[in-house]
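Participant: For reference, the file query34.cif (mmCIF, C-alpha atoms) is included below:
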data_coords
loop_
_atom_site.label_atom_id
_atom_site.label_comp_id
_atom_site.auth_asym_id
_atom_site.auth_seq_id
_atom_site.Cartn_x
_atom_site.Cartn_y
_atom_site.Cartn_z
CA MET A 1 3.22 21.29 15.26
CA LYS A 2 5.58 18.33 15.48
CA ASN A 3 4.14 15.11 14.13
CA ILE A 4 5.30 12.50 16.66
CA PHE A 5 4.04 9.63 14.50
CA SER A 6 6.47 10.40 11.70
CA THR A 7 9.46 10.02 14.04
CA ARG A 8 11.44 6.78 14.32
CA TRP A 9 9.60 5.74 17.49
CA GLY A 10 6.30 6.80 15.96
CA ILE A 11 6.66 4.49 12.97
CA ILE A 12 7.78 1.63 15.24
CA LEU A 13 4.71 2.17 17.41
CA VAL A 14 2.43 2.10 14.37
CA GLY A 15 4.05 -1.08 13.03
CA ALA A 16 3.58 -2.70 16.44
CA VAL A 17 -0.09 -1.66 16.58
CA ILE A 18 -0.74 -3.14 13.12
CA GLY A 19 1.08 -6.37 14.00
CA ILE A 20 -0.71 -6.87 17.31
CA GLY A 21 -4.00 -5.65 15.83
CA ALA A 22 -3.78 -8.20 13.02
CA ALA A 23 -3.07 -11.07 15.43
CA LEU A 24 -6.02 -9.99 17.57
CA LEU A 25 -8.36 -9.65 14.58
CA GLN A 26 -7.46 -13.23 13.68
CA TYR A 27 -8.14 -14.23 17.29
CA PHE A 28 -11.55 -12.54 17.06
CA GLY A 29 -12.49 -14.40 13.90
CA ASN A 30 -10.60 -13.19 10.82
CA PRO A 31 -9.04 -15.96 8.65
CA PRO A 32 -5.72 -17.53 9.74
CA ASN A 33 -2.59 -15.50 8.98
CA MET A 34 -5.02 -12.97 7.51
CA GLY A 35 -5.83 -10.73 10.45
CA ILE A 36 -5.35 -7.94 7.97
CA CYS A 37 -4.69 -8.34 4.25
CA VAL A 38 -5.48 -5.39 2.06
CA ALA A 39 -5.41 -7.38 -1.19
CA CYS A 40 -7.46 -10.28 0.21
CA PHE A 41 -9.99 -7.97 1.82
CA GLU A 42 -10.45 -5.92 -1.35
CA ARG A 43 -10.90 -9.23 -3.15
CA ASP A 44 -13.60 -10.19 -0.63
CA ILE A 45 -15.32 -6.86 -1.29
CA ALA A 46 -15.19 -7.52 -5.04
CA GLY A 47 -16.82 -10.89 -4.32
CA ALA A 48 -19.52 -9.43 -2.09
CA LEU A 49 -20.44 -7.03 -4.91
CA GLY A 50 -20.60 -9.91 -7.38
CA LEU A 51 -17.61 -8.79 -9.44
CA HIS A 52 -16.52 -12.41 -9.07
CA ARG A 53 -18.45 -15.48 -7.95
CA ALA A 54 -15.83 -17.37 -5.94
CA ASP A 55 -18.29 -18.18 -3.15
CA VAL A 56 -15.65 -18.71 -0.46
CA VAL A 57 -14.22 -15.18 -0.61
CA GLN A 58 -17.16 -12.79 -0.42
CA TYR A 59 -17.54 -10.30 2.43
CA LEU A 60 -17.67 -6.52 2.78
CA ARG A 61 -14.57 -6.18 4.96
CA PRO A 62 -15.05 -3.22 7.32
CA GLU A 63 -11.28 -2.98 7.88
CA ILE A 64 -10.89 -1.54 4.36
CA MET A 65 -13.58 1.09 4.92
CA GLY A 66 -11.97 1.87 8.28
CA PHE A 67 -8.55 2.40 6.68
CA VAL A 68 -9.88 4.98 4.23
CA LEU A 69 -12.20 6.73 6.67
CA GLY A 70 -9.65 6.72 9.52
CA ALA A 71 -7.05 8.28 7.23
CA PHE A 72 -9.67 10.75 5.95
CA VAL A 73 -10.50 11.97 9.47
CA ALA A 74 -6.83 12.07 10.53
CA ALA A 75 -5.92 14.09 7.44
CA LEU A 76 -8.80 16.51 8.01
CA LEU A 77 -7.82 17.04 11.65
CA ALA A 78 -4.16 17.56 10.75
CA GLY A 79 -4.91 19.94 7.91
CA GLU A 80 -3.39 17.50 5.43
CA TYR A 81 -6.58 16.75 3.49
CA LYS A 82 -5.68 17.86 -0.03
CA PRO A 83 -7.69 16.65 -3.02
CA ARG A 84 -5.31 16.04 -5.89
CA GLY A 85 -5.19 13.91 -9.01
CA GLY A 86 -4.39 13.70 -12.68
CA SER A 87 -1.10 11.81 -12.66
CA SER A 88 -1.66 9.13 -15.32
CA PRO A 89 -4.89 7.70 -13.87
CA LEU A 90 -5.40 4.98 -16.49
CA ILE A 91 -1.87 3.63 -16.04
CA ARG A 92 -2.42 3.63 -12.27
CA PHE A 93 -5.68 1.73 -12.75
CA PHE A 94 -3.93 -1.07 -14.63
CA LEU A 95 -1.00 -1.09 -12.18
CA GLY A 96 -3.70 -1.76 -9.57
CA VAL A 97 -5.21 -4.55 -11.67
CA PHE A 98 -1.85 -6.28 -12.12
CA ALA A 99 -0.79 -5.66 -8.53
CA MET A 100 -3.89 -7.56 -7.44
CA ILE A 101 -3.25 -10.35 -9.94
CA GLY A 102 0.30 -10.78 -8.61
CA ALA A 103 -0.89 -10.69 -5.01
CA LEU A 104 -3.60 -13.29 -5.68
CA VAL A 105 -1.18 -15.68 -7.38
CA PHE A 106 0.86 -15.57 -4.16
CA LEU A 107 -2.22 -15.10 -1.92
CA GLY A 108 -1.49 -11.95 0.01
CA CYS A 109 -0.45 -8.33 0.03
CA PRO A 110 2.83 -7.21 1.65
CA TRP A 111 1.09 -6.97 5.03
CA ARG A 112 -0.14 -10.54 4.78
CA THR A 113 3.29 -11.64 3.58
CA LEU A 114 4.66 -10.41 6.91
CA LEU A 115 1.72 -11.87 8.85
CA ARG A 116 2.13 -15.26 7.15
CA LEU A 117 5.79 -15.18 8.12
CA ALA A 118 4.86 -14.22 11.68
CA GLY A 119 2.44 -17.16 11.73
CA GLY A 120 5.15 -19.62 10.65
CA ASP A 121 4.25 -19.98 6.96
CA GLY A 122 7.58 -20.67 5.22
CA ASN A 123 6.08 -20.04 1.78
CA ALA A 124 5.94 -16.38 2.72
CA ILE A 125 9.75 -16.30 2.46
CA LEU A 126 9.36 -16.75 -1.29
CA GLY A 127 6.70 -14.05 -1.37
CA LEU A 128 8.91 -11.66 0.55
CA ALA A 129 11.86 -12.41 -1.73
CA GLY A 130 9.65 -11.73 -4.75
CA LEU A 131 8.38 -8.50 -3.23
CA ILE A 132 11.93 -7.27 -2.67
CA ALA A 133 12.96 -8.36 -6.18
CA GLY A 134 10.06 -6.44 -7.70
CA ILE A 135 10.89 -3.36 -5.65
CA PHE A 136 14.54 -3.68 -6.69
CA ILE A 137 13.56 -3.63 -10.36
CA GLY A 138 11.27 -0.65 -9.74
CA VAL A 139 14.03 1.29 -7.99
CA GLY A 140 16.11 0.87 -11.15
CA PHE A 141 13.37 2.67 -13.07
CA LEU A 142 13.15 5.41 -10.41
CA LYS A 143 16.89 6.02 -10.69
CA ASN A 144 16.48 6.48 -14.42
CA GLY A 145 13.85 9.16 -14.17
CA TYR A 146 10.65 7.11 -14.05
CA SER A 147 7.64 9.32 -13.34
CA LEU A 148 3.91 9.17 -13.95
CA GLY A 149 3.90 12.96 -14.04
CA ARG A 150 2.62 15.60 -11.66
CA SER A 151 -0.74 15.58 -9.96
CA TYR A 152 -2.75 18.77 -9.61
CA ALA A 153 -4.94 20.22 -6.90
CA GLN A 154 -8.61 19.33 -7.33
CA LYS A 155 -11.80 20.81 -5.94
CA LYS A 156 -12.41 20.17 -2.22
CA ALA A 157 -15.39 17.90 -2.84
CA ALA A 158 -13.50 15.67 -5.28
CA GLY A 159 -11.60 14.02 -2.46
CA TRP A 160 -14.85 12.98 -0.81
CA VAL A 161 -15.78 10.54 -3.56
CA PHE A 162 -13.74 7.58 -2.35
CA PRO A 163 -14.53 8.03 1.37
CA ALA A 164 -18.21 8.35 0.38
CA LEU A 165 -17.97 5.06 -1.52
CA MET A 166 -16.58 3.45 1.64
CA ILE A 167 -19.49 4.82 3.70
CA GLY A 168 -21.84 3.38 1.09
CA LEU A 169 -20.21 -0.06 1.37
CA LEU A 170 -20.39 0.17 5.14
CA LEU A 171 -24.12 0.88 4.97
CA LEU A 172 -24.62 -2.11 2.64
CA LEU A 173 -22.87 -4.25 5.26
CA VAL A 174 -24.68 -2.85 8.29
CA PHE A 175 -28.11 -3.31 6.70
CA GLN A 176 -27.18 -6.58 4.93
CA VAL A 177 -28.83 -5.31 1.76
CA SER A 178 -29.96 -7.93 -0.76
CA PHE A 179 -30.61 -6.84 -4.35
CA ALA A 180 -31.96 -10.22 -5.48
CA PRO A 181 -32.62 -13.58 -3.87
CA GLY A 182 -29.21 -15.13 -3.15
CA GLY A 183 -27.38 -11.85 -3.68
CA PRO A 184 -25.71 -9.47 -4.37
CA ILE A 185 -24.69 -8.57 -1.78
CA PHE A 186 -22.99 -11.96 -1.48
CA PHE A 187 -21.75 -13.21 1.87
CA SER A 188 -19.72 -16.43 2.00
CA ALA A 189 -21.31 -19.24 3.99
CA LYS A 190 -18.00 -21.15 4.11
CA GLY A 191 -14.30 -20.52 3.52
CA PRO A 192 -12.21 -17.45 4.41
CA GLY A 193 -15.01 -15.08 3.44
CA SER A 194 -17.20 -16.52 6.19
CA GLN A 195 -14.49 -15.98 8.81
CA HIS A 196 -14.56 -12.51 10.22
CA ALA A 197 -14.25 -10.64 13.49
CA PRO A 198 -17.39 -8.85 14.76
CA LEU A 199 -18.22 -5.83 12.59
CA LEU A 200 -17.60 -3.23 15.27
CA ILE A 201 -14.19 -4.64 16.25
CA SER A 202 -13.09 -4.80 12.60
CA LEU A 203 -14.32 -1.28 11.90
CA ILE A 204 -12.68 0.25 14.97
CA ALA A 205 -9.40 -1.55 14.24
CA GLY A 206 -9.55 -0.24 10.68
CA LEU A 207 -10.26 3.33 11.80
CA VAL A 208 -7.44 3.34 14.36
CA ILE A 209 -4.91 1.83 11.95
CA GLY A 210 -6.06 4.13 9.14
CA GLY A 211 -5.59 7.19 11.33
CA LEU A 212 -2.21 6.11 12.67
CA ALA A 213 -0.94 5.07 9.26
CA GLN A 214 -1.97 8.40 7.74
CA ARG A 215 -0.01 10.26 10.42
CA SER A 216 3.05 8.00 10.22
CA ARG A 217 3.11 7.41 6.41
CA PHE A 218 3.47 3.67 7.09
CA CYS A 219 4.24 1.82 3.83
CA THR A 220 5.71 -1.65 3.39
CA MET A 221 6.79 -1.09 -0.20
CA GLY A 222 8.30 2.28 0.66
CA ALA A 223 10.23 0.62 3.47
CA PHE A 224 12.19 -1.69 1.18
CA ARG A 225 12.40 0.94 -1.56
CA ASP A 226 14.00 3.51 0.74
CA VAL A 227 16.59 1.01 1.94
CA ILE A 228 17.54 0.09 -1.65
CA LEU A 229 17.26 3.60 -3.10
CA ILE A 230 18.66 5.92 -0.45
CA ARG A 231 19.83 3.62 2.39
CA ASP A 232 17.16 5.07 4.64
CA PHE A 233 15.92 2.78 7.42
CA HIS A 234 13.07 4.91 8.73
CA LEU A 235 10.06 3.11 7.24
CA ILE A 236 11.57 -0.35 7.52
CA SER A 237 11.80 -0.02 11.29
CA GLY A 238 7.98 0.09 11.23
CA VAL A 239 7.83 -3.00 9.01
CA ALA A 240 10.23 -4.82 11.35
CA ALA A 241 8.05 -3.85 14.31
CA LEU A 242 4.97 -5.23 12.52
CA LEU A 243 6.72 -8.56 11.95
CA VAL A 244 8.17 -8.87 15.46
CA PHE A 245 5.03 -7.86 17.34
CA ALA A 246 2.75 -10.02 15.16
CA PHE A 247 5.10 -12.95 15.87
CA ILE A 248 5.05 -12.33 19.64
CA ALA A 249 1.27 -11.91 19.64
CA ASN A 250 0.87 -15.11 17.60
CA MET A 251 3.04 -17.02 20.08
CA LEU A 252 0.97 -15.75 23.00
CA LEU A 253 -2.33 -16.55 21.27
CA GLY A 254 -1.17 -19.98 20.07
CA GLN A 255 -1.38 -18.93 16.42
CA PHE A 256 2.22 -19.76 15.42
CA LYS A 257 2.50 -22.96 13.35
CA PRO A 258 5.81 -23.31 11.48
CA GLY A 259 6.11 -25.19 8.17
CA PHE A 260 5.54 -25.12 4.41
CA GLU A 261 2.85 -27.77 3.88
CA GLY A 262 -0.78 -27.29 4.84
CA GLN A 263 -0.45 -23.61 5.73
CA PRO A 264 -3.78 -21.75 5.81
CA ILE A 265 -4.86 -20.05 2.57
CA ALA A 266 -1.46 -20.66 0.99
CA HIS A 267 0.12 -22.96 -1.59
CA THR A 268 3.64 -24.34 -1.96
CA ASP A 269 4.44 -23.45 -5.58
CA HIS A 270 7.71 -21.63 -4.86
CA LEU A 271 8.29 -20.26 -8.35
CA TRP A 272 4.89 -18.58 -8.67
CA ASN A 273 4.87 -17.43 -5.06
CA LEU A 274 8.08 -15.63 -5.93
CA LEU A 275 7.05 -14.27 -9.34
CA GLY A 276 3.54 -13.32 -8.21
CA MET A 277 4.95 -11.03 -5.57
CA THR A 278 7.65 -9.79 -7.95
CA LEU A 279 4.83 -8.49 -10.15
CA ALA A 280 3.01 -7.04 -7.14
CA GLY A 281 6.16 -5.37 -5.76
CA LEU A 282 7.03 -3.83 -9.12
CA SER A 283 3.47 -2.53 -9.55
CA PHE A 284 3.55 -0.96 -6.07
CA VAL A 285 6.82 0.90 -6.78
CA LEU A 286 5.57 2.19 -10.12
CA ALA A 287 2.36 3.39 -8.43
CA GLY A 288 4.17 4.79 -5.37
CA GLY A 289 2.75 2.75 -2.51
CA CYS A 290 1.71 -0.62 -1.12
CA PRO A 291 -2.04 -1.42 -1.15
CA GLY A 292 -2.45 -0.18 2.41
CA ARG A 293 -0.68 3.09 1.72
CA GLN A 294 -2.82 3.61 -1.39
CA LEU A 295 -5.95 3.41 0.80
CA PHE A 296 -4.55 5.91 3.32
CA LEU A 297 -3.59 8.27 0.49
CA SER A 298 -7.11 7.89 -0.93
CA GLY A 299 -8.42 9.06 2.43
CA GLU A 300 -6.17 12.14 2.26
CA GLY A 301 -7.78 13.08 -1.05
CA ASP A 302 -5.29 11.47 -3.44
CA MET A 303 -7.55 10.49 -6.33
CA ASP A 304 -4.71 8.77 -8.18
CA ALA A 305 -4.28 6.41 -5.23
CA ALA A 306 -8.05 5.85 -5.23
CA ILE A 307 -7.84 4.88 -8.91
CA PHE A 308 -5.14 2.34 -8.04
CA ALA A 309 -7.30 0.90 -5.23
CA THR A 310 -10.27 0.69 -7.62
CA GLY A 311 -8.00 -1.09 -10.09
CA MET A 312 -7.14 -3.61 -7.40
CA ILE A 313 -10.82 -4.34 -6.70
CA VAL A 314 -11.55 -4.79 -10.42
CA GLY A 315 -8.34 -6.84 -10.72
CA ALA A 316 -9.69 -9.20 -8.05
CA GLY A 317 -12.80 -9.74 -10.16
CA ILE A 318 -10.63 -10.50 -13.19
CA ALA A 319 -8.33 -12.78 -11.20
CA HIS A 320 -11.18 -14.98 -9.95
CA ASN A 321 -13.31 -14.90 -13.13
CA PHE A 322 -10.46 -15.92 -15.43
CA ALA A 323 -8.84 -18.72 -13.37
CA ILE A 324 -5.85 -16.59 -12.41
CA ALA A 325 -6.12 -16.42 -8.60
CA SER A 326 -4.42 -19.29 -6.78
CA SER A 327 -6.13 -21.45 -4.18
CA PRO A 328 -4.71 -23.63 -1.38
CA LYS A 329 -4.64 -26.42 -4.01
CA GLY A 330 -2.06 -24.47 -6.00
CA VAL A 331 -1.62 -22.08 -8.89
CA ALA A 332 -4.61 -21.73 -11.23
CA ALA A 333 -4.54 -22.50 -14.96
CA PHE A 334 -4.01 -18.95 -16.19
CA GLY A 335 -2.11 -17.55 -13.18
CA PRO A 336 1.40 -17.87 -14.68
CA ALA A 337 0.36 -16.37 -18.04
CA ALA A 338 -1.28 -13.42 -16.28
CA VAL A 339 1.84 -12.81 -14.18
CA VAL A 340 4.02 -12.80 -17.31
CA ILE A 341 1.66 -10.35 -19.06
CA GLY A 342 1.67 -8.18 -15.95
CA LEU A 343 5.46 -8.14 -15.76
CA LEU A 344 5.67 -7.17 -19.44
CA PHE A 345 3.15 -4.38 -18.85
CA CYS A 346 5.11 -3.05 -15.89
CA LEU A 347 8.42 -3.18 -17.75
CA LEU A 348 6.86 -1.32 -20.66
CA ILE A 349 5.53 1.36 -18.29
CA GLY A 350 8.88 1.55 -16.50
CA PHE A 351 10.84 2.05 -19.70
CA THR A 352 8.45 4.47 -21.40
CA GLN A 353 7.24 6.74 -18.57
CA ARG A 354 10.38 8.77 -18.02
CA ASP A 355 11.34 12.38 -17.54
CA LYS A 356 14.71 13.60 -18.73
CA VAL A 357 17.26 12.61 -16.06
CA SER A 358 19.16 15.90 -16.10
CA ALA A 359 17.19 17.87 -13.55
CA MET B 360 27.72 27.64 -6.66
CA SER B 361 24.33 29.29 -7.07
CA THR B 362 21.19 28.01 -5.44
CA LYS B 363 19.85 24.88 -7.12
CA LYS B 364 16.08 25.02 -7.52
CA VAL B 365 14.11 21.76 -7.39
CA ASP B 366 10.40 21.88 -8.20
CA ALA B 367 8.87 18.73 -6.72
CA ARG B 368 5.28 19.96 -6.52
CA GLY B 369 2.66 17.39 -7.48
CA LEU B 370 5.20 14.59 -7.62
CA SER B 371 4.33 11.48 -5.67
CA CYS B 372 6.61 9.78 -3.23
CA PRO B 373 9.56 9.08 -3.68
CA GLN B 374 10.25 11.37 -6.63
CA PRO B 375 10.85 14.52 -4.55
CA VAL B 376 13.46 12.58 -2.60
CA VAL B 377 15.05 11.19 -5.78
CA LEU B 378 15.32 14.69 -7.26
CA VAL B 379 16.86 16.12 -4.10
CA ASP B 380 19.27 13.23 -3.70
CA ARG B 381 20.35 13.67 -7.31
CA ALA B 382 20.95 17.39 -6.82
CA ILE B 383 23.00 16.61 -3.71
CA SER B 384 25.09 13.99 -5.50
CA GLU B 385 25.73 16.52 -8.28
CA GLY B 386 27.50 18.56 -5.62
CA HIS B 387 25.04 21.41 -5.09
CA THR B 388 25.54 22.82 -1.59
CA ASP B 389 22.60 25.21 -1.60
CA LEU B 390 19.16 23.91 -2.53
CA GLU B 391 15.72 25.47 -2.76
CA ILE B 392 13.08 22.76 -2.95
CA LEU B 393 9.43 23.42 -3.73
CA VAL B 394 6.93 20.86 -2.42
CA ASP B 395 3.17 20.97 -1.95
CA ASN B 396 2.44 18.41 0.74
CA GLU B 397 3.59 17.56 4.25
CA VAL B 398 4.79 14.06 3.37
CA ALA B 399 7.11 15.35 0.68
CA ARG B 400 8.36 18.07 3.04
CA GLU B 401 9.14 15.52 5.77
CA ASN B 402 10.87 13.18 3.33
CA VAL B 403 12.89 15.94 1.69
CA GLN B 404 14.02 17.25 5.07
CA ARG B 405 14.90 13.73 6.22
CA ILE B 406 17.10 12.98 3.21
CA ALA B 407 18.77 16.39 3.30
CA GLY B 408 19.45 15.98 7.02
CA LYS B 409 20.92 12.54 6.44
CA ARG B 410 23.25 13.97 3.80
CA GLY B 411 24.49 16.61 6.25
CA TYR B 412 22.37 19.55 5.10
CA LYS B 413 20.65 22.02 7.42
CA THR B 414 17.09 22.76 6.35
CA GLN B 415 14.63 25.58 6.86
CA VAL B 416 11.00 25.63 5.75
CA ARG B 417 8.73 28.48 4.87
CA TYR B 418 5.11 28.29 3.79
CA GLU B 419 3.84 30.19 0.79
CA GLY B 420 0.14 29.62 0.16
CA SER B 421 -0.33 25.91 -0.32
CA ASP B 422 3.35 25.41 -1.24
CA MET B 423 6.28 24.81 1.04
CA ILE B 424 9.77 25.95 0.28
CA VAL B 425 12.59 23.97 1.87
CA ASN B 426 15.97 25.61 1.88
CA ALA B 427 18.81 23.18 2.40
CA ALA B 428 22.42 24.21 2.86
CA LYS B 429 25.50 22.09 3.42
CA SER B 430 26.57 22.65 7.01
#
Output the structure of this file as structure tokens.

Facilitator:
Amino acid sequence: MKNIFSTRWGIILVGAVIGIGAALLQYFGNPPNMGICVACFERDIAGALGLHRADVVQYLRPEIMGFVLGAFVAALLAGEYKPRGGSSPLIRFFLGVFAMIGALVFLGCPWRTLLRLAGGDGNAILGLAGLIAGIFIGVGFLKNGYSLGRSYAQKKAAGWVFPALMIGLLLLLVFQVSFAPGGPIFFSAKGPGSQHAPLLISLIAGLVIGGLAQRSRFCTMGAFRDVILIRDFHLISGVAALLVFAFIANMLLGQFKPGFEGQPIAHTDHLWNLLGMTLAGLSFVLAGGCPGRQLFLSGEGDMDAAIFATGMIVGAGIAHNFAIASSPKGVAAFGPAAVVIGLLFCLLIGFTQRDKVSA
Amino acid sequence: MSTKKVDARGLSCPQPVVLVDRAISEGHTDLEILVDNEVARENVQRIAGKRGYKTQVRYEGSDMIVNAAKS
């Protein structure tokens, strides 16, 4: 059976759906220029669970659960559900931690980088430049035989663990469970965490995008990587569609506000916007996917991707507990140091995890 | 030149593609690539096609074998 979503027009369609979907989710209540942000939304989940106590960014984002469950169902229907794992899980966990730290110094994942750009936020140019720089460094490692080793088939039920966790989180949200007075579960009363589209709209958007992205293999990191590595423009046509259609939708909905100063949930520290996303981009290449793609892979049964996603959620806790995550006021006290440590970690992994080049 | 075998099973994206591209740049005109998931199969076929190779796939259990030959 031909998979129409993995064709050129398929990936463009999926990029357009994500771009328009994100603009609409913002219109329905999600934070500005954050219709969808995988890093930010995982951070909000970490907050809701009490892994950090930044009271403005706590919410169980149903989009994230939708991404995993939508991909899970799509993979099952297509016969592509294949539990697998065992490719350097601990390294992948820490790549996830540092990917989140880099993303939270900039304030966004690759998807939000594009959405910030489509909303007129000039600071996103620095983020995008950093992302590409990080991917460029990672491609150098790939060319020199970088590999985290093979994964192996796992038992059928193993791949259910992460989707089951998502169902659990969804139930906690639906029933607004409280484990103690005041929380957990924590829900922000103000700030970005308090801004969200109605549950059902968010969940359906997540499921649809998760399903489509699983079929099309949509990946923002992979898009730039393939252009640099093999001059292949397949995935990047989807990324371009996301940017263009989010921009058009923002214009139509009156959500486009160009400038650098006073942009929503953003700061103007150019250097650390750039280096934060350099760290994130490098981590994504070394782990083999952007945060969104890692969630879709988790849904397909890829337990290594699920470890990376778990690392990102824990990384969000670390980033907010240890004054690493930026805020609209600027970079936090320990943000730069954490980015430097993360870059050193990634370089060390890149240089040491290699197979012999002669194949 | 004899058939170049590339075992890309269990490798995550983009390593199957990197291995195939390397084999192609080494001048092998006849490749037999082993992959174990649909994404890797699609990507391997895409890169081989781009480099002017004709590909054929056959399924063996949970593995897929992509034969690529310079056309």

Participant: Considering only C-alpha atoms, state which residue in the set A:Met221, A:Leu282, A:Ala332, A:Val239 is at the smallest distance from chain B.

Facilitator: A:Met221

Participant: Per residue of chain B within 7 Å of chain A, what are the shortest atom pair and its distance in Å to one decimal, counting all atoms listed in the file, with rows by chain and residue number, as JSON lines?

Facilitator:
{"residue": "B:Gly369", "atom": "CA", "partner": "A:Arg150", "partner_atom": "CA", "distance": 4.5}
{"residue": "B:Leu370", "atom": "CA", "partner": "A:Arg150", "partner_atom": "CA", "distance": 4.9}
{"residue": "B:Ser371", "atom": "CA", "partner": "A:Gly288", "partner_atom": "CA", "distance": 6.7}
{"residue": "B:Cys372", "atom": "CA", "partner": "A:Gly288", "partner_atom": "CA", "distance": 6.0}

Participant: Enumerate, as a list in words, the residues matched when the PyMOL selection byres ((chain A and resi 196-207) around 7) is run on the file above.

Facilitator: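 Written out, the selection comes to Gly21, Leu25, Phe28, Gly29, Asn30, Pro31, Pro62, Glu63, Ile64, Gly66, Phe67, Leu69, Gly70, Ser194, Gln195, Val208, Ile209, Gly210 and Gly211 of chain A.
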
Participant: Now that the selection is made, can you save its residues with C-alpha atoms as a PDB file, keeping the file's coordinate frame?

Facilitator:
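Result file part_21.pdb:
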ATOM      1  CA  GLY A  21      -4.000  -5.650  15.830  1.00  0.00           C
ATOM      2  CA  LEU A  25      -8.360  -9.650  14.580  1.00  0.00           C
ATOM      3  CA  PHE A  28     -11.550 -12.540  17.060  1.00  0.00           C
ATOM      4  CA  GLY A  29     -12.490 -14.400  13.900  1.00  0.00           C
ATOM      5  CA  ASN A  30     -10.600 -13.190  10.820  1.00  0.00           C
ATOM      6  CA  PRO A  31      -9.040 -15.960   8.650  1.00  0.00           C
ATOM      7  CA  PRO A  62     -15.050  -3.220   7.320  1.00  0.00           C
ATOM      8  CA  GLU A  63     -11.280  -2.980   7.880  1.00  0.00           C
ATOM      9  CA  ILE A  64     -10.890  -1.540   4.360  1.00  0.00           C
ATOM     10  CA  GLY A  66     -11.970   1.870   8.280  1.00  0.00           C
ATOM     11  CA  PHE A  67      -8.550   2.400   6.680  1.00  0.00           C
ATOM     12  CA  LEU A  69     -12.200   6.730   6.670  1.00  0.00           C
ATOM     13  CA  GLY A  70      -9.650   6.720   9.520  1.00  0.00           C
ATOM     14  CA  SER A 194     -17.200 -16.520   6.190  1.00  0.00           C
ATOM     15  CA  GLN A 195     -14.490 -15.980   8.810  1.00  0.00           C
ATOM     16  CA  VAL A 208      -7.440   3.340  14.360  1.00  0.00           C
ATOM     17  CA  ILE A 209      -4.910   1.830  11.950  1.00  0.00           C
ATOM     18  CA  GLY A 210      -6.060   4.130   9.140  1.00  0.00           C
ATOM     19  CA  GLY A 211      -5.590   7.190  11.330  1.00  0.00           C
TER      20      GLY A 211
END

Participant: Between A:Cys37, A:Leu60, A:Ala74, A:Ile236, which is the closest to Ala223 of chain A once you count only C-alpha atoms?

Facilitator: A:Ile236

Participant: Applying the PyMOL selection byres ((chain A and resi 38) around 8) to the file I just gave you, which residues come out? Please list them as a VMD selection string.

Facilitator: chain A and resid 36 to 37 39 to 42 64 108 to 109 111 to 112 291 to 292

Participant: So, with all atoms listed in the file as the atoms that count, which of A:Tyr59, A:His267, A:Leu114, A:Cys290 lies closest to Val174 of chain A?

Facilitator: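 Among A:Tyr59, A:His267, A:Leu114, A:Cys290, it is A:Tyr59 that comes nearest to Val174 of chain A.
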
Participant: Since I can't run it myself right now, could you work out what the PyMOL selection byres ((chain B and resi 396-406) around 8) selects here and report it as a CSV table (one decimal) with C-alpha atoms, keeping the file's coordinate frame?

Facilitator:
chain,number,residue,atom,x,y,z
A,80,GLU,CA,-3.4,17.5,5.4
A,217,ARG,CA,3.1,7.4,6.4
B,368,ARG,CA,5.3,20.0,-6.5
B,371,SER,CA,4.3,11.5,-5.7
B,372,CYS,CA,6.6,9.8,-3.2
B,375,PRO,CA,10.8,14.5,-4.6
B,376,VAL,CA,13.5,12.6,-2.6
B,379,VAL,CA,16.9,16.1,-4.1
B,380,ASP,CA,19.3,13.2,-3.7
B,394,VAL,CA,6.9,20.9,-2.4
B,395,ASP,CA,3.2,21.0,-2.0
B,407,ALA,CA,18.8,16.4,3.3
B,408,GLY,CA,19.4,16.0,7.0
B,409,LYS,CA,20.9,12.5,6.4
B,410,ARG,CA,23.2,14.0,3.8
B,414,THR,CA,17.1,22.8,6.4
B,422,ASP,CA,3.4,25.4,-1.2
B,423,MET,CA,6.3,24.8,1.0
B,425,VAL,CA,12.6,24.0,1.9

Participant: In Å to one decimal, how far is atom CA of Ala129 of chain A from atom CA of Phe5 of chain A?

Facilitator: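 According to the coordinates, atom CA of Phe5 of chain A and atom CA of Ala129 of chain A are separated by 28.5 Å.
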
Participant: Hey, can you check how far atom CA of Gly411 of chain B sits from atom CA of Phe233 of chain A?

Facilitator: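 Going from atom CA of Gly411 of chain B over to atom CA of Phe233 of chain A covers 16.3 Å.
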
Participant: Neighbouring residues of Lys413 of chain B were defined as those with any atom within 7 Å, considering only C-alpha atoms; residues of the same chain fewer than 6 positions away were excluded. Please report them as an MDAnalysis selection string.

Facilitator: chainID B and resid 427:430

Participant: One decimal, in Å: what's the spacing between atom CA of Asn273 of chain A and atom CA of Arg116 of chain A?

Facilitator: 12.7 Å

Participant: Identify which of the residues A:Ala75, A:Ile185, A:Leu117, A:Leu286 lies closest to Pro373 of chain B, counting only C-alpha atoms when measuring atom-to-atom distances.

Facilitator: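 For Pro373 of chain B, the nearest of the given residues is A:Leu286.
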